[in-house]
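Novice: Here it is, the structure in full.
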Protein chains: 2
Amino acid sequence: MARGPLRVALDQGSGHSGDPADALDRLAERAREAAEAGARLLVGPEMSLTGYNIGAPALARLAEPADGPLSRAVAAIAADTGVAIVHGFPERAGDAVYNAVQLVDAAGARLATYRKAHLFGDLDRGAFTPGPEPVVQADLGGLRVGLLVCYDVEFPEAVRAHALAGTELLVVPTALMLPFTEVPERIVPVRALENQLHLAYVNRCDTEGDLRYAGRSALIAPDGSELLRAGAEEELLVGEVDPEALARVRAEQSYLCDRRPDLYRALTV
Amino acid sequence: MARGPLRVALDQGSGHSGDPADALDRLAERAREAAEAGARLLVGPEMSLTGYNIGAPALARLAEPADGPLSRAVAAIAADTGVAIVHGFPERAGDAVYNAVQLVDAAGARLATYRKAHLFGDLDRGAFTPGPEPVVQADLGGLRVGLLVCYDVEFPEAVRAHALAGTELLVVPTALMLPFTEVPERIVPVRALENQLHLAYVNRCDTEGDLRYAGRSALIAPDGSELLRAGAEEELLVGEVDPEALARVRAEQSYLCDRRPDLYRALTV
């Protein structure tokens, strides 16, 4: 596919918590809206298909393999609407359950599944095994797309690893709760800026148990500017990822070239 | 010395460019003001004693060893006023000239000299050898103080290395020019937040050749909040670094403990 701008839709919202059938119905509707808006990629939040704060037993019960029925249903929606989709789900692999996100292309082919590597507090640690791979990527419309989940993006190392591996659009489904608004508003834009890449951060905005999610999803350009920014409520935002913008920013000055990797060994110990 | 709050003065300003005698006169005055304000540490900008954008030949001519006359003059001011000082100067070591900063304590003892590791563009590369050490620290009033210079702080790896080595107050003299205000306003606060340390970023605000420095010096708390923030003009700001604030932030949640160093090896290649 030609390497032009990629129109991306951020789906800040989710179906009824703990109800994958409802989440899939909702996703099909959003994919149609995204297609009508000219988007070629639709990104949902962390655990978009099942809910997140539903307890470890429910997550384990709803967990499926990366090619299970949930994944196949999403693939069918993608193929129906002609829109690539990133969705979040609990992934079953043997005895392990991972906090996973998956990218399927506009023909319904599974391109990549990423397992959250940085687990957040008891919520994650009580339910999930930490992911073993720092960088999972796929090509979409000639653009190198990388995947992280929520807390991962707060670690500069995780995003740097993507930049070094050539990620041009970093997609980060999240379930970030109040009061941590400094993450979408301060940390996320700096991650894009310091790594000179596009970053799509897509959050929930519902309430689950004692958690109130913060919304504030955003699409950030490689110079740190906000291309899209949601409020606290449900919203479908559509914007454009432009590979030329990335090339322009990197031509002016390059953080990646000015690094001193020989001095960073303490970071790996 | 007891481990209590450390009162710090940020000296946003500099003497006449290329005139160390004037810079030392000015420094003596600022050190007296800082002492009167109860400060125990005074921090100046990058190349505070000589000027920065004065050309490689002038920098080489003004360069001195870490224990040279400039350093001894600063030590005398520190001892006179009872205020520890961080100053910037071109350091001569054999054939090499480094972009250096030095910490002398309130008795005039040289505690640490750091050589800028990340060189910025032709301005730095035409004049300086890159520093060989990622982390240079010293204890001051029971607080672990680390040193970086300007562009260094824009690299998350450089600040992370300090956090991992136990730096509690990171001191960053800088000569940041317009239009790069995203560095003091966006990147610097996130560095403090993501590493949960205090960060003092002290800039010039004068004009040197075709450069207009951006001011906006800041003291940032370990939760990313601004304890001090300068405007664009010359200013002496005084604020407090509180080790208890750091302990509180780290007790709530710990970025340092939740890292996955085994996944970061690509950063060192």
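As shown in the structure tokens, the chain order sets the letters A, B, ...; within each chain, residues go from 1, and ligands are also counted from 1 in the order they appear.
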Taking only C-alpha atoms into account, report as a PyMOL selection string which residues of chain B lie within 8 Å of chain A.
Specialist: chain B and resi 117-120+132-134+154-158+160-161+164+186-187+190+194+255+258-269
Novice: Using backbone DSSP assignments, extract all alpha helix (DSSP H) residues from segment 21-261 of chain B; output them as a count of residues only.
Specialist: 69
Novice: Which neighbours of Ile77 of chain B fall inside 12 Å, counting only C-alpha atoms, when residues of the same chain fewer than 4 positions from it are skipped, and could you give them as a ChimeraX atom specification?
Specialist: /B:23-32,34-35,42,70-73,81-87,104-109
Novice: Could you save those same residues with N, CA, C and O atoms as a short mmCIF file (atom, residue, chain, number, x, y, z; two decimals), in the first residue's frame?
Specialist:
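Result file part01.cif:
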data_model
loop_
_atom_site.label_atom_id
_atom_site.label_comp_id
_atom_site.auth_asym_id
_atom_site.auth_seq_id
_atom_site.Cartn_x
_atom_site.Cartn_y
_atom_site.Cartn_z
N ALA B 23 32.01 37.89 35.45
CA ALA B 23 31.14 36.80 35.91
C ALA B 23 31.41 36.47 37.37
O ALA B 23 30.48 36.19 38.14
N LEU B 24 32.69 36.54 37.77
CA LEU B 24 33.03 36.23 39.17
C LEU B 24 32.52 37.33 40.11
O LEU B 24 32.02 37.04 41.20
N ASP B 25 32.64 38.60 39.70
CA ASP B 25 32.10 39.70 40.52
C ASP B 25 30.61 39.50 40.74
O ASP B 25 30.09 39.64 41.85
N ARG B 26 29.94 39.20 39.63
CA ARG B 26 28.49 39.01 39.68
C ARG B 26 28.14 37.82 40.57
O ARG B 26 27.19 37.85 41.35
N LEU B 27 28.92 36.74 40.45
CA LEU B 27 28.66 35.53 41.23
C LEU B 27 28.79 35.81 42.73
O LEU B 27 27.99 35.33 43.54
N ALA B 28 29.82 36.61 43.09
CA ALA B 28 30.02 36.94 44.51
C ALA B 28 28.80 37.67 45.06
O ALA B 28 28.34 37.40 46.19
N GLU B 29 28.26 38.56 44.24
CA GLU B 29 27.07 39.32 44.64
C GLU B 29 25.88 38.38 44.82
O GLU B 29 25.15 38.45 45.81
N ARG B 30 25.66 37.50 43.83
CA ARG B 30 24.53 36.56 43.90
C ARG B 30 24.68 35.60 45.08
O ARG B 30 23.69 35.24 45.71
N ALA B 31 25.90 35.20 45.36
CA ALA B 31 26.13 34.27 46.48
C ALA B 31 25.76 34.96 47.80
O ALA B 31 25.19 34.34 48.70
N ARG B 32 26.08 36.25 47.92
CA ARG B 32 25.68 36.99 49.13
C ARG B 32 24.17 37.08 49.24
O ARG B 32 23.61 36.85 50.31
N ALA B 34 22.03 35.04 47.91
CA ALA B 34 21.52 33.69 48.19
C ALA B 34 21.68 33.38 49.68
O ALA B 34 20.77 32.83 50.31
N ALA B 35 22.84 33.73 50.24
CA ALA B 35 23.08 33.48 51.66
C ALA B 35 22.06 34.23 52.51
O ALA B 35 21.50 33.69 53.48
N LEU B 42 23.80 27.52 45.45
CA LEU B 42 23.52 28.48 44.37
C LEU B 42 23.90 27.81 43.05
O LEU B 42 25.03 27.33 42.91
N LEU B 70 39.87 29.79 37.91
CA LEU B 70 38.42 30.06 37.95
C LEU B 70 37.77 29.26 39.06
O LEU B 70 36.99 29.78 39.86
N SER B 71 38.12 27.99 39.09
CA SER B 71 37.55 27.10 40.11
C SER B 71 37.94 27.59 41.51
O SER B 71 37.12 27.59 42.44
N ARG B 72 39.19 28.02 41.67
CA ARG B 72 39.64 28.49 43.00
C ARG B 72 38.93 29.78 43.39
O ARG B 72 38.62 30.00 44.56
N ALA B 73 38.67 30.62 42.39
CA ALA B 73 37.95 31.87 42.69
C ALA B 73 36.52 31.57 43.15
O ALA B 73 36.00 32.20 44.08
N THR B 81 30.90 33.13 51.57
CA THR B 81 29.47 33.33 51.78
C THR B 81 28.82 32.16 52.50
O THR B 81 27.68 32.27 52.97
N GLY B 82 29.50 31.02 52.56
CA GLY B 82 28.93 29.82 53.18
C GLY B 82 27.85 29.18 52.33
O GLY B 82 26.95 28.51 52.84
N VAL B 83 27.93 29.41 51.02
CA VAL B 83 26.95 28.84 50.10
C VAL B 83 27.67 27.94 49.10
O VAL B 83 28.65 28.36 48.48
N ALA B 84 27.21 26.71 48.96
CA ALA B 84 27.75 25.83 47.92
C ALA B 84 27.36 26.39 46.55
O ALA B 84 26.32 27.05 46.41
N ILE B 85 28.19 26.13 45.54
CA ILE B 85 27.97 26.72 44.22
C ILE B 85 28.15 25.69 43.11
O ILE B 85 29.09 24.90 43.15
N VAL B 86 27.24 25.73 42.13
CA VAL B 86 27.46 25.00 40.87
C VAL B 86 27.69 26.04 39.77
O VAL B 86 26.84 26.90 39.55
N HIS B 87 28.84 25.96 39.13
CA HIS B 87 29.16 26.89 38.05
C HIS B 87 29.56 26.11 36.80
O HIS B 87 29.92 24.93 36.87
N VAL B 104 31.08 23.04 44.18
CA VAL B 104 31.96 23.26 45.34
C VAL B 104 31.08 23.45 46.57
O VAL B 104 29.99 24.02 46.47
N ASP B 105 31.51 22.94 47.70
CA ASP B 105 30.65 23.03 48.88
C ASP B 105 30.84 24.37 49.60
O ASP B 105 31.61 25.23 49.16
N ALA B 106 30.11 24.52 50.69
CA ALA B 106 30.06 25.82 51.38
C ALA B 106 31.39 26.15 52.06
O ALA B 106 31.59 27.28 52.53
N ALA B 107 32.29 25.17 52.11
CA ALA B 107 33.63 25.45 52.66
C ALA B 107 34.63 25.68 51.53
O ALA B 107 35.81 25.91 51.77
N GLY B 108 34.16 25.58 50.29
CA GLY B 108 35.05 25.82 49.15
C GLY B 108 35.73 24.55 48.62
O GLY B 108 36.62 24.64 47.78
N ALA B 109 35.31 23.39 49.11
CA ALA B 109 35.91 22.13 48.62
C ALA B 109 35.23 21.70 47.32
O ALA B 109 34.00 21.72 47.22
#
Novice: For Ser217 of chain A, list every protein, DNA or RNA residue within 12 Å, evaluated using only C-alpha atoms, and leave out those in the same chain fewer than 6 positions away; present the list as a PyMOL selection string.
Specialist: chain A and resi 9-13+43-46+150+171-176+181+183-185+188-189+199-205+226-238
Novice: Out of segment 32-179 of chain B, which residues get strand (DSSP E or B) from DSSP, as a short mmCIF file (atom, residue, chain, number, x, y, z; two decimals) with all heavy atoms, in the first residue's frame?
Specialist:
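New file selection.cif:
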data_model
loop_
_atom_site.label_atom_id
_atom_site.label_comp_id
_atom_site.auth_asym_id
_atom_site.auth_seq_id
_atom_site.Cartn_x
_atom_site.Cartn_y
_atom_site.Cartn_z
N LEU B 41 22.73 26.37 48.58
CA LEU B 41 23.29 26.00 47.27
C LEU B 41 22.84 27.03 46.24
O LEU B 41 21.65 27.37 46.18
CB LEU B 41 22.79 24.61 46.86
CG LEU B 41 23.13 24.17 45.43
CD1 LEU B 41 24.64 24.03 45.23
CD2 LEU B 41 22.44 22.84 45.10
N LEU B 42 23.80 27.52 45.45
CA LEU B 42 23.52 28.48 44.37
C LEU B 42 23.90 27.81 43.05
O LEU B 42 25.03 27.33 42.91
CB LEU B 42 24.34 29.75 44.58
CG LEU B 42 24.30 30.79 43.45
CD1 LEU B 42 22.92 31.42 43.32
CD2 LEU B 42 25.36 31.89 43.71
N VAL B 43 22.97 27.79 42.10
CA VAL B 43 23.23 27.14 40.81
C VAL B 43 23.16 28.17 39.68
O VAL B 43 22.16 28.88 39.55
CB VAL B 43 22.20 26.02 40.54
CG1 VAL B 43 22.50 25.35 39.20
CG2 VAL B 43 22.19 25.01 41.66
N GLU B 64 40.19 25.99 31.48
CA GLU B 64 41.11 25.78 32.61
C GLU B 64 40.91 24.39 33.18
O GLU B 64 39.83 23.82 33.05
CB GLU B 64 40.80 26.79 33.72
CG GLU B 64 41.13 28.21 33.37
CD GLU B 64 41.00 29.12 34.59
OE1 GLU B 64 40.72 28.59 35.70
OE2 GLU B 64 41.18 30.32 34.42
N ALA B 84 27.21 26.71 48.96
CA ALA B 84 27.75 25.83 47.92
C ALA B 84 27.36 26.39 46.55
O ALA B 84 26.32 27.05 46.41
CB ALA B 84 27.20 24.41 48.09
N ILE B 85 28.19 26.13 45.54
CA ILE B 85 27.97 26.72 44.22
C ILE B 85 28.15 25.69 43.11
O ILE B 85 29.09 24.90 43.15
CB ILE B 85 28.95 27.91 43.99
CG1 ILE B 85 28.66 29.04 44.98
CG2 ILE B 85 28.85 28.44 42.55
CD1 ILE B 85 29.65 30.21 44.93
N VAL B 86 27.24 25.73 42.13
CA VAL B 86 27.46 25.00 40.87
C VAL B 86 27.69 26.04 39.77
O VAL B 86 26.84 26.90 39.55
CB VAL B 86 26.27 24.10 40.50
CG1 VAL B 86 26.46 23.51 39.09
CG2 VAL B 86 26.09 22.98 41.52
N HIS B 87 28.84 25.96 39.13
CA HIS B 87 29.16 26.89 38.05
C HIS B 87 29.56 26.11 36.80
O HIS B 87 29.92 24.93 36.87
CB HIS B 87 30.28 27.84 38.47
CG HIS B 87 31.59 27.16 38.71
ND1 HIS B 87 31.88 26.46 39.86
CD2 HIS B 87 32.70 27.05 37.93
CE1 HIS B 87 33.10 25.96 39.79
NE2 HIS B 87 33.63 26.30 38.63
N GLY B 88 29.50 26.79 35.67
CA GLY B 88 29.85 26.15 34.41
C GLY B 88 31.06 26.81 33.77
O GLY B 88 31.20 28.04 33.84
N PHE B 89 31.92 26.01 33.12
CA PHE B 89 33.16 26.54 32.55
C PHE B 89 33.72 25.55 31.53
O PHE B 89 33.43 24.36 31.59
CB PHE B 89 34.19 26.78 33.67
CG PHE B 89 34.68 25.52 34.32
CD1 PHE B 89 35.98 25.05 34.10
CD2 PHE B 89 33.85 24.76 35.14
CE1 PHE B 89 36.43 23.87 34.68
CE2 PHE B 89 34.28 23.58 35.72
CZ PHE B 89 35.58 23.14 35.50
N PRO B 90 34.55 26.02 30.61
CA PRO B 90 35.24 25.11 29.70
C PRO B 90 36.43 24.50 30.44
O PRO B 90 37.31 25.23 30.91
CB PRO B 90 35.70 26.02 28.55
CG PRO B 90 35.69 27.40 29.08
CD PRO B 90 34.83 27.45 30.31
N GLU B 91 36.41 23.16 30.55
CA GLU B 91 37.46 22.48 31.31
C GLU B 91 38.55 21.96 30.38
O GLU B 91 38.29 21.19 29.45
CB GLU B 91 36.85 21.31 32.10
CG GLU B 91 37.90 20.62 32.97
CD GLU B 91 37.50 19.22 33.42
OE1 GLU B 91 36.34 18.82 33.22
OE2 GLU B 91 38.39 18.51 33.94
N ARG B 92 39.75 22.34 30.67
CA ARG B 92 40.92 21.87 29.91
C ARG B 92 41.47 20.62 30.57
O ARG B 92 41.69 20.58 31.79
CB ARG B 92 41.97 22.98 29.87
CG ARG B 92 43.38 22.60 29.60
CD ARG B 92 43.80 22.58 28.14
NE ARG B 92 43.39 23.75 27.38
CZ ARG B 92 43.20 23.71 26.06
NH1 ARG B 92 43.36 22.56 25.39
NH2 ARG B 92 42.84 24.80 25.42
N ALA B 93 41.66 19.54 29.77
CA ALA B 93 42.31 18.32 30.28
C ALA B 93 43.17 17.79 29.15
O ALA B 93 42.68 17.15 28.23
CB ALA B 93 41.27 17.29 30.71
N ALA B 96 42.08 18.04 25.35
CA ALA B 96 40.62 18.11 25.28
C ALA B 96 40.08 19.32 26.03
O ALA B 96 40.65 19.76 27.03
CB ALA B 96 40.02 16.83 25.87
N VAL B 97 38.99 19.86 25.51
CA VAL B 97 38.20 20.86 26.24
C VAL B 97 36.79 20.28 26.43
O VAL B 97 36.16 19.84 25.47
CB VAL B 97 38.12 22.20 25.47
CG1 VAL B 97 37.23 23.19 26.21
CG2 VAL B 97 39.51 22.77 25.25
N TYR B 98 36.34 20.26 27.68
CA TYR B 98 35.00 19.74 27.98
C TYR B 98 34.07 20.88 28.36
O TYR B 98 34.50 21.91 28.89
CB TYR B 98 35.06 18.75 29.16
CG TYR B 98 35.84 17.49 28.85
CD1 TYR B 98 37.17 17.35 29.27
CD2 TYR B 98 35.25 16.44 28.15
CE1 TYR B 98 37.89 16.21 28.99
CE2 TYR B 98 35.97 15.29 27.87
CZ TYR B 98 37.29 15.17 28.28
OH TYR B 98 38.00 14.04 28.00
N ASN B 99 32.78 20.65 28.11
CA ASN B 99 31.73 21.56 28.57
C ASN B 99 31.37 21.09 29.98
O ASN B 99 30.62 20.14 30.15
CB ASN B 99 30.54 21.47 27.62
CG ASN B 99 29.43 22.43 27.97
OD1 ASN B 99 29.26 22.77 29.13
ND2 ASN B 99 28.69 22.85 26.96
N ALA B 100 31.93 21.76 31.00
CA ALA B 100 31.89 21.21 32.36
C ALA B 100 31.08 22.07 33.33
O ALA B 100 30.89 23.26 33.12
CB ALA B 100 33.31 21.05 32.89
N VAL B 101 30.60 21.39 34.36
CA VAL B 101 30.02 22.08 35.51
C VAL B 101 30.67 21.50 36.76
O VAL B 101 31.09 20.35 36.78
CB VAL B 101 28.48 21.92 35.60
CG1 VAL B 101 27.81 22.67 34.46
CG2 VAL B 101 28.07 20.46 35.60
N GLN B 102 30.75 22.34 37.78
CA GLN B 102 31.44 21.90 38.99
C GLN B 102 30.64 22.31 40.23
O GLN B 102 30.09 23.40 40.27
CB GLN B 102 32.83 22.56 39.05
CG GLN B 102 33.69 22.08 40.20
CD GLN B 102 35.11 22.60 40.06
OE1 GLN B 102 35.40 23.73 40.46
NE2 GLN B 102 36.00 21.79 39.52
N LEU B 103 30.64 21.40 41.20
CA LEU B 103 30.00 21.68 42.49
C LEU B 103 31.07 21.87 43.55
O LEU B 103 31.90 20.97 43.77
CB LEU B 103 29.08 20.51 42.89
CG LEU B 103 28.53 20.48 44.31
CD1 LEU B 103 27.64 21.68 44.60
CD2 LEU B 103 27.77 19.18 44.58
N VAL B 104 31.08 23.04 44.18
CA VAL B 104 31.96 23.26 45.34
C VAL B 104 31.08 23.45 46.57
O VAL B 104 29.99 24.02 46.47
CB VAL B 104 32.88 24.49 45.16
CG1 VAL B 104 33.80 24.31 43.97
CG2 VAL B 104 32.08 25.77 45.02
N ARG B 110 36.03 21.29 46.32
CA ARG B 110 35.48 20.78 45.06
C ARG B 110 34.92 19.38 45.28
O ARG B 110 35.66 18.45 45.56
CB ARG B 110 36.57 20.71 43.98
CG ARG B 110 36.83 22.02 43.25
CD ARG B 110 37.84 21.84 42.14
NE ARG B 110 39.09 21.28 42.66
CZ ARG B 110 40.03 22.00 43.28
NH1 ARG B 110 39.87 23.30 43.44
NH2 ARG B 110 41.11 21.42 43.73
N LEU B 111 33.60 19.23 45.13
CA LEU B 111 32.97 17.93 45.36
C LEU B 111 32.83 17.12 44.08
O LEU B 111 32.89 15.88 44.13
CB LEU B 111 31.57 18.12 45.98
CG LEU B 111 31.51 18.79 47.35
CD1 LEU B 111 30.08 18.74 47.88
CD2 LEU B 111 32.47 18.13 48.34
N ALA B 112 32.61 17.78 42.95
CA ALA B 112 32.35 17.02 41.72
C ALA B 112 32.50 17.92 40.50
O ALA B 112 32.13 19.09 40.54
CB ALA B 112 30.94 16.43 41.76
N THR B 113 33.03 17.34 39.42
CA THR B 113 33.08 18.03 38.13
C THR B 113 32.48 17.09 37.09
O THR B 113 32.91 15.94 36.97
CB THR B 113 34.53 18.38 37.74
OG1 THR B 113 35.12 19.14 38.79
CG2 THR B 113 34.56 19.20 36.45
N TYR B 114 31.48 17.58 36.36
CA TYR B 114 30.82 16.75 35.34
C TYR B 114 31.05 17.35 33.96
O TYR B 114 31.00 18.57 33.78
CB TYR B 114 29.32 16.65 35.62
CG TYR B 114 28.57 16.05 34.45
CD1 TYR B 114 28.65 14.68 34.18
CD2 TYR B 114 27.81 16.85 33.61
CE1 TYR B 114 27.99 14.14 33.08
CE2 TYR B 114 27.15 16.31 32.51
CZ TYR B 114 27.24 14.95 32.25
OH TYR B 114 26.62 14.41 31.16
N ARG B 115 31.29 16.48 32.98
CA ARG B 115 31.53 16.90 31.60
C ARG B 115 30.35 16.50 30.73
O ARG B 115 30.04 15.30 30.64
CB ARG B 115 32.81 16.22 31.09
CG ARG B 115 34.04 16.64 31.88
CD ARG B 115 35.17 15.62 31.75
NE ARG B 115 36.42 16.13 32.30
CZ ARG B 115 37.55 15.45 32.32
NH1 ARG B 115 37.61 14.21 31.84
NH2 ARG B 115 38.65 15.99 32.84
N GLN B 137 28.09 12.50 40.88
CA GLN B 137 27.27 12.89 42.03
C GLN B 137 28.15 13.33 43.19
O GLN B 137 29.34 13.06 43.22
CB GLN B 137 26.46 11.68 42.55
CG GLN B 137 25.55 11.02 41.58
CD GLN B 137 24.96 9.74 42.18
OE1 GLN B 137 25.71 8.89 42.69
NE2 GLN B 137 23.65 9.60 42.10
N ALA B 138 27.51 13.96 44.18
CA ALA B 138 28.17 14.24 45.45
C ALA B 138 27.10 14.40 46.52
O ALA B 138 25.94 14.68 46.20
CB ALA B 138 29.00 15.51 45.34
N ASP B 139 27.49 14.20 47.77
CA ASP B 139 26.56 14.43 48.87
C ASP B 139 26.67 15.87 49.33
O ASP B 139 27.78 16.38 49.54
CB ASP B 139 26.86 13.47 50.03
CG ASP B 139 26.25 12.10 49.75
OD1 ASP B 139 25.09 12.06 49.32
OD2 ASP B 139 26.95 11.10 49.94
N LEU B 140 25.53 16.50 49.49
CA LEU B 140 25.51 17.89 49.96
C LEU B 140 24.39 18.00 51.00
O LEU B 140 23.21 17.81 50.68
CB LEU B 140 25.24 18.85 48.79
CG LEU B 140 25.44 20.32 49.11
CD1 LEU B 140 26.93 20.68 49.12
CD2 LEU B 140 24.71 21.21 48.10
N LEU B 143 22.07 15.18 51.11
CA LEU B 143 21.27 14.95 49.91
C LEU B 143 22.19 14.54 48.78
O LEU B 143 23.27 15.11 48.59
CB LEU B 143 20.57 16.27 49.56
CG LEU B 143 19.30 16.21 48.71
CD1 LEU B 143 18.14 15.69 49.55
CD2 LEU B 143 18.97 17.59 48.18
N ARG B 144 21.77 13.54 47.99
CA ARG B 144 22.57 13.07 46.87
C ARG B 144 22.29 13.98 45.66
O ARG B 144 21.20 13.97 45.10
CB ARG B 144 22.19 11.63 46.55
CG ARG B 144 23.22 10.91 45.70
CD ARG B 144 24.27 10.26 46.58
NE ARG B 144 25.30 9.58 45.79
CZ ARG B 144 26.59 9.59 46.08
NH1 ARG B 144 27.05 10.26 47.14
NH2 ARG B 144 27.46 8.94 45.35
N VAL B 145 23.30 14.77 45.29
CA VAL B 145 23.15 15.74 44.20
C VAL B 145 23.85 15.21 42.96
O VAL B 145 24.99 14.75 43.03
CB VAL B 145 23.77 17.10 44.61
CG1 VAL B 145 23.72 18.09 43.45
CG2 VAL B 145 23.03 17.67 45.82
N GLY B 146 23.17 15.25 41.82
CA GLY B 146 23.76 14.84 40.56
C GLY B 146 23.85 16.01 39.60
O GLY B 146 23.14 17.00 39.74
N LEU B 147 24.75 15.88 38.62
CA LEU B 147 24.99 16.97 37.67
C LEU B 147 24.78 16.50 36.23
O LEU B 147 25.27 15.45 35.83
CB LEU B 147 26.43 17.48 37.83
CG LEU B 147 26.82 18.07 39.18
CD1 LEU B 147 28.34 18.26 39.23
CD2 LEU B 147 26.11 19.39 39.43
N LEU B 169 18.56 15.17 44.01
CA LEU B 169 18.43 16.50 43.40
C LEU B 169 19.34 16.51 42.17
O LEU B 169 20.57 16.40 42.30
CB LEU B 169 18.86 17.60 44.37
CG LEU B 169 19.08 18.98 43.73
CD1 LEU B 169 17.82 19.52 43.09
CD2 LEU B 169 19.63 19.97 44.77
N LEU B 170 18.74 16.63 41.01
CA LEU B 170 19.51 16.69 39.77
C LEU B 170 19.65 18.15 39.36
O LEU B 170 18.64 18.84 39.18
CB LEU B 170 18.81 15.88 38.67
CG LEU B 170 19.55 15.79 37.33
CD1 LEU B 170 20.91 15.12 37.50
CD2 LEU B 170 18.71 15.03 36.32
N VAL B 171 20.89 18.61 39.25
CA VAL B 171 21.18 20.00 38.94
C VAL B 171 21.62 20.10 37.48
O VAL B 171 22.58 19.43 37.07
CB VAL B 171 22.29 20.52 39.88
CG1 VAL B 171 22.78 21.89 39.44
CG2 VAL B 171 21.76 20.57 41.32
N VAL B 172 20.92 20.92 36.71
CA VAL B 172 21.16 20.98 35.26
C VAL B 172 21.35 22.42 34.79
O VAL B 172 20.40 23.10 34.40
CB VAL B 172 20.00 20.34 34.48
CG1 VAL B 172 20.36 20.23 33.00
CG2 VAL B 172 19.64 18.97 35.04
N PRO B 173 22.58 22.93 34.83
CA PRO B 173 22.86 24.22 34.21
C PRO B 173 22.65 24.09 32.70
O PRO B 173 22.97 23.06 32.11
CB PRO B 173 24.34 24.45 34.54
CG PRO B 173 24.61 23.61 35.75
CD PRO B 173 23.75 22.39 35.53
N MET B 177 18.30 28.01 24.02
CA MET B 177 17.89 29.18 23.25
C MET B 177 16.46 29.06 22.75
O MET B 177 15.90 27.96 22.68
CB MET B 177 18.84 29.38 22.06
CG MET B 177 18.88 28.25 21.04
SD MET B 177 19.68 26.69 21.60
CE MET B 177 21.42 27.13 21.64
#
Novice: Report as a VMD selection string all protein, DNA and RNA residues lying within 9 Å of Glu240 of chain B, evaluated on only C-alpha atoms, omitting residues in the same chain fewer than 3 positions from it.
Specialist: chain B and resid 5 to 9 39 219 227
Novice: Those same residues - all heavy atoms - I'd like them written as a JSON list (two decimals), in the first residue's frame.
Specialist:
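Listed below is the output, result32.json:
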[["chain", "number", "residue", "atom", "x", "y", "z"],
["B", 5, "PRO", "N", 15.55, 19.71, 54.72],
["B", 5, "PRO", "CA", 15.33, 20.44, 53.47],
["B", 5, "PRO", "C", 16.57, 21.25, 53.09],
["B", 5, "PRO", "O", 17.27, 21.75, 53.97],
["B", 5, "PRO", "CB", 14.16, 21.36, 53.81],
["B", 5, "PRO", "CG", 13.48, 20.72, 54.97],
["B", 5, "PRO", "CD", 14.55, 20.02, 55.75],
["B", 6, "LEU", "N", 16.84, 21.33, 51.80],
["B", 6, "LEU", "CA", 17.97, 22.10, 51.30],
["B", 6, "LEU", "C", 17.43, 23.30, 50.54],
["B", 6, "LEU", "O", 16.71, 23.14, 49.54],
["B", 6, "LEU", "CB", 18.82, 21.24, 50.36],
["B", 6, "LEU", "CG", 20.07, 21.93, 49.79],
["B", 6, "LEU", "CD1", 21.18, 22.02, 50.84],
["B", 6, "LEU", "CD2", 20.59, 21.18, 48.56],
["B", 7, "ARG", "N", 17.77, 24.50, 51.02],
["B", 7, "ARG", "CA", 17.30, 25.71, 50.34],
["B", 7, "ARG", "C", 18.24, 26.01, 49.18],
["B", 7, "ARG", "O", 19.46, 26.08, 49.35],
["B", 7, "ARG", "CB", 17.30, 26.87, 51.35],
["B", 7, "ARG", "CG", 16.16, 27.83, 51.16],
["B", 7, "ARG", "CD", 15.92, 28.69, 52.40],
["B", 7, "ARG", "NE", 15.22, 29.89, 52.00],
["B", 7, "ARG", "CZ", 13.94, 29.93, 51.68],
["B", 7, "ARG", "NH1", 13.22, 28.82, 51.74],
["B", 7, "ARG", "NH2", 13.37, 31.06, 51.30],
["B", 8, "VAL", "N", 17.67, 26.14, 47.98],
["B", 8, "VAL", "CA", 18.46, 26.26, 46.76],
["B", 8, "VAL", "C", 18.13, 27.56, 46.05],
["B", 8, "VAL", "O", 16.96, 27.95, 45.96],
["B", 8, "VAL", "CB", 18.13, 25.08, 45.81],
["B", 8, "VAL", "CG1", 18.92, 25.18, 44.51],
["B", 8, "VAL", "CG2", 18.40, 23.76, 46.48],
["B", 9, "ALA", "N", 19.16, 28.24, 45.52],
["B", 9, "ALA", "CA", 18.94, 29.46, 44.75],
["B", 9, "ALA", "C", 19.32, 29.20, 43.29],
["B", 9, "ALA", "O", 20.39, 28.67, 43.00],
["B", 9, "ALA", "CB", 19.79, 30.59, 45.32],
["B", 39, "ALA", "N", 19.72, 30.40, 51.43],
["B", 39, "ALA", "CA", 20.05, 29.29, 50.53],
["B", 39, "ALA", "C", 21.38, 28.66, 50.93],
["B", 39, "ALA", "O", 22.30, 29.34, 51.39],
["B", 39, "ALA", "CB", 20.11, 29.78, 49.09],
["B", 219, "LEU", "N", 12.59, 24.87, 39.30],
["B", 219, "LEU", "CA", 12.85, 23.81, 40.27],
["B", 219, "LEU", "C", 11.59, 22.96, 40.31],
["B", 219, "LEU", "O", 10.50, 23.46, 40.59],
["B", 219, "LEU", "CB", 13.13, 24.42, 41.66],
["B", 219, "LEU", "CG", 13.38, 23.41, 42.78],
["B", 219, "LEU", "CD1", 14.65, 22.60, 42.54],
["B", 219, "LEU", "CD2", 13.48, 24.13, 44.15],
["B", 227, "LEU", "N", 8.07, 24.00, 41.71],
["B", 227, "LEU", "CA", 8.32, 24.71, 42.96],
["B", 227, "LEU", "C", 8.78, 26.14, 42.66],
["B", 227, "LEU", "O", 8.47, 27.06, 43.41],
["B", 227, "LEU", "CB", 9.39, 23.98, 43.77],
["B", 227, "LEU", "CG", 9.01, 22.55, 44.17],
["B", 227, "LEU", "CD1", 10.19, 21.84, 44.84],
["B", 227, "LEU", "CD2", 7.80, 22.56, 45.11]]
